[in-house]
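Visitor: Hey, dropping work_30.txt in here, compact mmCIF, N, CA and C atoms:
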# COMPACT_ATOMS: atom_id res chain seq x y z
N MET A 1072 -4.50 -34.27 25.22
CA MET A 1072 -4.89 -34.07 23.84
C MET A 1072 -4.28 -35.18 23.00
N SER A 1073 -5.10 -35.77 22.16
CA SER A 1073 -4.60 -36.87 21.34
C SER A 1073 -3.77 -36.33 20.18
N ASN A 1074 -3.09 -37.25 19.50
CA ASN A 1074 -2.22 -36.88 18.38
C ASN A 1074 -3.02 -36.25 17.25
N ASN A 1075 -4.20 -36.81 16.97
CA ASN A 1075 -5.05 -36.24 15.91
C ASN A 1075 -5.53 -34.83 16.26
N ASP A 1076 -5.87 -34.64 17.54
CA ASP A 1076 -6.29 -33.31 17.96
C ASP A 1076 -5.14 -32.31 17.83
N GLN A 1077 -3.94 -32.72 18.17
CA GLN A 1077 -2.78 -31.84 18.06
C GLN A 1077 -2.48 -31.50 16.60
N GLN A 1078 -2.60 -32.50 15.72
CA GLN A 1078 -2.39 -32.24 14.30
C GLN A 1078 -3.42 -31.27 13.75
N LEU A 1079 -4.67 -31.45 14.19
CA LEU A 1079 -5.74 -30.56 13.77
C LEU A 1079 -5.49 -29.14 14.27
N ALA A 1080 -5.06 -29.00 15.50
CA ALA A 1080 -4.76 -27.68 16.06
C ALA A 1080 -3.60 -27.03 15.32
N ASP A 1081 -2.58 -27.81 14.96
CA ASP A 1081 -1.44 -27.28 14.21
C ASP A 1081 -1.86 -26.82 12.82
N LEU A 1082 -2.72 -27.60 12.17
CA LEU A 1082 -3.22 -27.22 10.85
C LEU A 1082 -4.06 -25.95 10.92
N LEU A 1083 -4.88 -25.84 11.94
CA LEU A 1083 -5.71 -24.66 12.11
C LEU A 1083 -4.84 -23.42 12.34
N LYS A 1084 -3.81 -23.57 13.14
CA LYS A 1084 -2.90 -22.46 13.40
C LYS A 1084 -2.18 -22.05 12.11
N ALA A 1085 -1.72 -23.01 11.32
CA ALA A 1085 -1.04 -22.73 10.06
C ALA A 1085 -2.00 -22.04 9.08
N ASN A 1086 -3.26 -22.46 9.08
CA ASN A 1086 -4.26 -21.85 8.21
C ASN A 1086 -4.50 -20.40 8.59
N ILE A 1087 -4.59 -20.12 9.87
CA ILE A 1087 -4.80 -18.75 10.34
C ILE A 1087 -3.61 -17.87 9.98
N GLU A 1088 -2.40 -18.39 10.15
CA GLU A 1088 -1.20 -17.62 9.81
C GLU A 1088 -1.14 -17.33 8.31
N ALA A 1089 -1.51 -18.30 7.49
CA ALA A 1089 -1.53 -18.10 6.03
C ALA A 1089 -2.59 -17.06 5.66
N SER A 1090 -3.73 -17.11 6.30
CA SER A 1090 -4.78 -16.13 6.05
C SER A 1090 -4.32 -14.73 6.42
N ASN A 1091 -3.62 -14.60 7.52
CA ASN A 1091 -3.10 -13.30 7.94
C ASN A 1091 -2.09 -12.76 6.93
N ARG A 1092 -1.22 -13.63 6.42
CA ARG A 1092 -0.24 -13.19 5.41
C ARG A 1092 -0.94 -12.72 4.15
N THR A 1093 -1.99 -13.43 3.75
CA THR A 1093 -2.75 -13.02 2.57
C THR A 1093 -3.42 -11.67 2.79
N THR A 1094 -3.94 -11.47 3.98
CA THR A 1094 -4.58 -10.20 4.31
C THR A 1094 -3.59 -9.05 4.18
N TYR A 1095 -2.39 -9.23 4.70
CA TYR A 1095 -1.37 -8.18 4.60
C TYR A 1095 -0.96 -7.93 3.15
N ALA A 1096 -0.86 -8.97 2.36
CA ALA A 1096 -0.49 -8.80 0.95
C ALA A 1096 -1.56 -8.03 0.19
N VAL A 1097 -2.82 -8.38 0.41
CA VAL A 1097 -3.91 -7.67 -0.26
C VAL A 1097 -3.97 -6.23 0.24
N ARG A 1098 -3.77 -6.04 1.53
CA ARG A 1098 -3.77 -4.69 2.11
C ARG A 1098 -2.67 -3.84 1.47
N ALA A 1099 -1.51 -4.43 1.21
CA ALA A 1099 -0.40 -3.69 0.60
C ALA A 1099 -0.79 -3.20 -0.79
N ILE A 1100 -1.42 -4.06 -1.56
CA ILE A 1100 -1.82 -3.69 -2.92
C ILE A 1100 -2.90 -2.61 -2.89
N VAL A 1101 -3.90 -2.80 -2.06
CA VAL A 1101 -5.00 -1.84 -1.99
C VAL A 1101 -4.52 -0.49 -1.46
N ARG A 1102 -3.66 -0.53 -0.47
CA ARG A 1102 -3.16 0.72 0.10
C ARG A 1102 -2.33 1.49 -0.93
N TYR A 1103 -1.49 0.78 -1.69
CA TYR A 1103 -0.70 1.43 -2.72
C TYR A 1103 -1.60 2.09 -3.77
N VAL A 1104 -2.58 1.36 -4.24
CA VAL A 1104 -3.48 1.89 -5.28
C VAL A 1104 -4.26 3.08 -4.74
N PHE A 1105 -4.77 2.97 -3.52
CA PHE A 1105 -5.54 4.07 -2.93
C PHE A 1105 -4.67 5.31 -2.77
N LEU A 1106 -3.46 5.15 -2.27
CA LEU A 1106 -2.58 6.30 -2.11
C LEU A 1106 -2.20 6.92 -3.45
N GLN A 1107 -1.95 6.08 -4.45
CA GLN A 1107 -1.62 6.60 -5.78
C GLN A 1107 -2.80 7.37 -6.37
N LEU A 1108 -4.00 6.84 -6.24
CA LEU A 1108 -5.17 7.56 -6.75
C LEU A 1108 -5.37 8.89 -6.04
N THR A 1109 -5.15 8.89 -4.75
CA THR A 1109 -5.30 10.13 -3.98
C THR A 1109 -4.28 11.17 -4.40
N ILE A 1110 -3.02 10.78 -4.48
CA ILE A 1110 -1.99 11.76 -4.83
C ILE A 1110 -2.15 12.22 -6.27
N THR A 1111 -2.58 11.34 -7.16
CA THR A 1111 -2.80 11.74 -8.55
C THR A 1111 -3.96 12.74 -8.65
N THR A 1112 -4.98 12.55 -7.85
CA THR A 1112 -6.10 13.49 -7.82
C THR A 1112 -5.65 14.85 -7.31
N VAL A 1113 -4.88 14.85 -6.22
CA VAL A 1113 -4.36 16.11 -5.67
C VAL A 1113 -3.50 16.83 -6.70
N CYS A 1114 -2.64 16.09 -7.37
CA CYS A 1114 -1.77 16.69 -8.38
C CYS A 1114 -2.57 17.22 -9.57
N GLY A 1115 -3.61 16.51 -9.94
CA GLY A 1115 -4.49 17.00 -11.02
C GLY A 1115 -5.16 18.30 -10.65
N VAL A 1116 -5.60 18.41 -9.41
CA VAL A 1116 -6.23 19.65 -8.94
C VAL A 1116 -5.20 20.79 -8.94
N LEU A 1117 -4.00 20.50 -8.45
CA LEU A 1117 -2.95 21.53 -8.46
C LEU A 1117 -2.65 22.00 -9.89
N TYR A 1118 -2.56 21.06 -10.79
CA TYR A 1118 -2.29 21.39 -12.19
C TYR A 1118 -3.44 22.23 -12.78
N ALA A 1119 -4.67 21.85 -12.47
CA ALA A 1119 -5.84 22.58 -12.97
C ALA A 1119 -5.87 24.00 -12.41
N VAL A 1120 -5.52 24.17 -11.15
CA VAL A 1120 -5.47 25.51 -10.55
C VAL A 1120 -4.41 26.34 -11.26
N GLY A 1121 -3.26 25.72 -11.52
CA GLY A 1121 -2.20 26.43 -12.23
C GLY A 1121 -2.64 26.86 -13.61
N THR A 1122 -3.35 26.00 -14.31
CA THR A 1122 -3.83 26.32 -15.65
C THR A 1122 -4.88 27.42 -15.61
N ALA A 1123 -5.80 27.33 -14.64
CA ALA A 1123 -6.88 28.30 -14.54
C ALA A 1123 -6.38 29.69 -14.16
N THR A 1124 -5.30 29.73 -13.41
CA THR A 1124 -4.79 31.02 -12.94
C THR A 1124 -3.58 31.50 -13.73
N ASN A 1125 -3.22 30.77 -14.77
CA ASN A 1125 -2.03 31.08 -15.56
C ASN A 1125 -0.76 31.11 -14.70
N LEU A 1126 -0.70 30.24 -13.71
CA LEU A 1126 0.47 30.14 -12.83
C LEU A 1126 1.10 28.76 -12.94
N ASN A 1127 1.16 28.22 -14.15
CA ASN A 1127 1.76 26.90 -14.34
C ASN A 1127 3.21 26.86 -13.89
N VAL A 1128 3.90 27.99 -13.97
CA VAL A 1128 5.30 28.06 -13.54
C VAL A 1128 5.42 27.70 -12.06
N VAL A 1129 4.40 28.00 -11.29
CA VAL A 1129 4.40 27.70 -9.85
C VAL A 1129 3.78 26.33 -9.58
N PHE A 1130 2.61 26.08 -10.16
CA PHE A 1130 1.84 24.90 -9.78
C PHE A 1130 2.33 23.60 -10.40
N VAL A 1131 2.91 23.64 -11.58
CA VAL A 1131 3.41 22.41 -12.19
C VAL A 1131 4.59 21.83 -11.39
N PRO A 1132 5.57 22.65 -10.99
CA PRO A 1132 6.63 22.08 -10.14
C PRO A 1132 6.11 21.57 -8.79
N ILE A 1133 5.18 22.29 -8.19
CA ILE A 1133 4.61 21.83 -6.92
C ILE A 1133 3.89 20.51 -7.13
N SER A 1134 3.12 20.42 -8.20
CA SER A 1134 2.41 19.18 -8.51
C SER A 1134 3.38 18.03 -8.76
N SER A 1135 4.44 18.31 -9.47
CA SER A 1135 5.43 17.26 -9.77
C SER A 1135 6.12 16.77 -8.50
N ILE A 1136 6.50 17.71 -7.64
CA ILE A 1136 7.15 17.33 -6.38
C ILE A 1136 6.18 16.53 -5.51
N ALA A 1137 4.93 16.97 -5.45
CA ALA A 1137 3.93 16.25 -4.65
C ALA A 1137 3.71 14.84 -5.20
N TRP A 1138 3.70 14.71 -6.53
CA TRP A 1138 3.49 13.39 -7.12
C TRP A 1138 4.66 12.46 -6.81
N ILE A 1139 5.88 12.95 -6.93
CA ILE A 1139 7.06 12.13 -6.62
C ILE A 1139 7.07 11.74 -5.15
N ALA A 1140 6.81 12.70 -4.27
CA ALA A 1140 6.78 12.41 -2.83
C ALA A 1140 5.67 11.41 -2.50
N GLY A 1141 4.51 11.60 -3.09
CA GLY A 1141 3.39 10.68 -2.85
C GLY A 1141 3.66 9.28 -3.35
N THR A 1142 4.32 9.18 -4.50
CA THR A 1142 4.66 7.87 -5.05
C THR A 1142 5.67 7.15 -4.17
N LEU A 1143 6.66 7.88 -3.69
CA LEU A 1143 7.65 7.29 -2.78
C LEU A 1143 6.98 6.82 -1.48
N TYR A 1144 6.11 7.68 -0.93
CA TYR A 1144 5.41 7.31 0.30
C TYR A 1144 4.55 6.07 0.09
N ALA A 1145 3.81 6.03 -1.02
CA ALA A 1145 2.96 4.87 -1.32
C ALA A 1145 3.80 3.61 -1.47
N SER A 1146 4.94 3.73 -2.12
CA SER A 1146 5.82 2.57 -2.30
C SER A 1146 6.36 2.06 -0.98
N PHE A 1147 6.80 2.97 -0.13
CA PHE A 1147 7.35 2.55 1.17
C PHE A 1147 6.28 1.89 2.05
N THR A 1148 5.08 2.46 2.05
CA THR A 1148 4.03 1.86 2.88
C THR A 1148 3.61 0.50 2.35
N ALA A 1149 3.58 0.36 1.02
CA ALA A 1149 3.23 -0.95 0.44
C ALA A 1149 4.30 -1.99 0.77
N ARG A 1150 5.55 -1.60 0.70
CA ARG A 1150 6.63 -2.54 1.04
C ARG A 1150 6.57 -2.96 2.51
N LYS A 1151 6.22 -2.01 3.37
CA LYS A 1151 6.08 -2.32 4.80
C LYS A 1151 4.98 -3.36 5.02
N GLU A 1152 3.86 -3.19 4.35
CA GLU A 1152 2.77 -4.16 4.45
C GLU A 1152 3.17 -5.51 3.85
N LEU A 1153 3.90 -5.49 2.74
CA LEU A 1153 4.32 -6.75 2.12
C LEU A 1153 5.27 -7.52 3.02
N LYS A 1154 6.12 -6.82 3.76
CA LYS A 1154 7.03 -7.51 4.69
C LYS A 1154 6.24 -8.27 5.75
N ALA A 1155 5.10 -7.71 6.14
CA ALA A 1155 4.27 -8.39 7.13
C ALA A 1155 3.64 -9.66 6.57
N SER A 1156 3.57 -9.76 5.24
CA SER A 1156 2.96 -10.94 4.63
C SER A 1156 3.99 -12.00 4.22
N ALA A 1157 5.25 -11.76 4.55
CA ALA A 1157 6.31 -12.70 4.14
C ALA A 1157 6.13 -14.06 4.81
N VAL A 1158 6.40 -15.09 4.04
CA VAL A 1158 6.33 -16.45 4.57
C VAL A 1158 7.55 -16.68 5.44
N PRO A 1159 7.36 -17.11 6.68
CA PRO A 1159 8.51 -17.34 7.55
C PRO A 1159 9.38 -18.49 7.06
N LYS A 1160 10.68 -18.33 7.23
CA LYS A 1160 11.60 -19.38 6.83
C LYS A 1160 11.78 -20.34 8.01
N ASN A 1161 11.63 -21.61 7.73
CA ASN A 1161 11.75 -22.61 8.79
C ASN A 1161 13.14 -23.18 8.84
Take the structure in this file and express it as structure tokens.

Guide:
Amino acid sequence: MSNNDQQLADLLKANIEASNRTTYAVRAIVRYVFLQLTITTVCGVLYAVGTATNLNVVFVPISSIAWIAGTLYASFTARKELKASAVPKN
């Protein structure tokens, strides 16, 4: 393999690695937003059930705990995906 071919292969490899990092970064953002929307919807339904049944004393705390747990879970999963997109240190 000539020097030019090797340089081209190295550039192609670097391009693929950069594309993979971008994919993980975008995935982290999308996953966080999707999980937040899902947990917010679930909490809204719980709150609405509590309001409709006059059991806010039960459903509001459950909804609040679910929202906090869901937010923490979404944050941890997003951070995990972002770590996969980190630029390697040379």

Visitor: Could you list, as a PyMOL selection string, every residue within 12 Å of A:Arg1098, counting only C-alpha atoms and ignoring same-chain residues fewer than 2 positions away?

Guide: chain A and resi 1091-1096+1100-1106+1148-1156

Visitor: By how many Å are atom C of A:Leu1143 and atom CA of A:Ile1110 apart?

Guide: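 Atom-to-atom, atom C of A:Leu1143 and atom CA of A:Ile1110 are spaced 10.8 Å apart.
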
Visitor: If I take atom N of A:Ala1157 and atom N of A:Thr1112, how far is one from the other in Å, to one decimal?

Guide: 29.1 Å

Visitor: What is the atom C of A:Thr1111-atom CA of A:Trp1138 distance in Å, reported with one decimal?

Guide: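 Answer for the atom C of A:Thr1111 to atom CA of A:Trp1138 separation: 7.6 Å.
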
Visitor: Taking all atoms listed in the file into account, which of A:Thr1124, A:Val1113, A:Asp1076, A:Ala1099 comes nearest A:Ala1137?

Guide: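 Smallest separation from A:Ala1137 among the options: A:Val1113.
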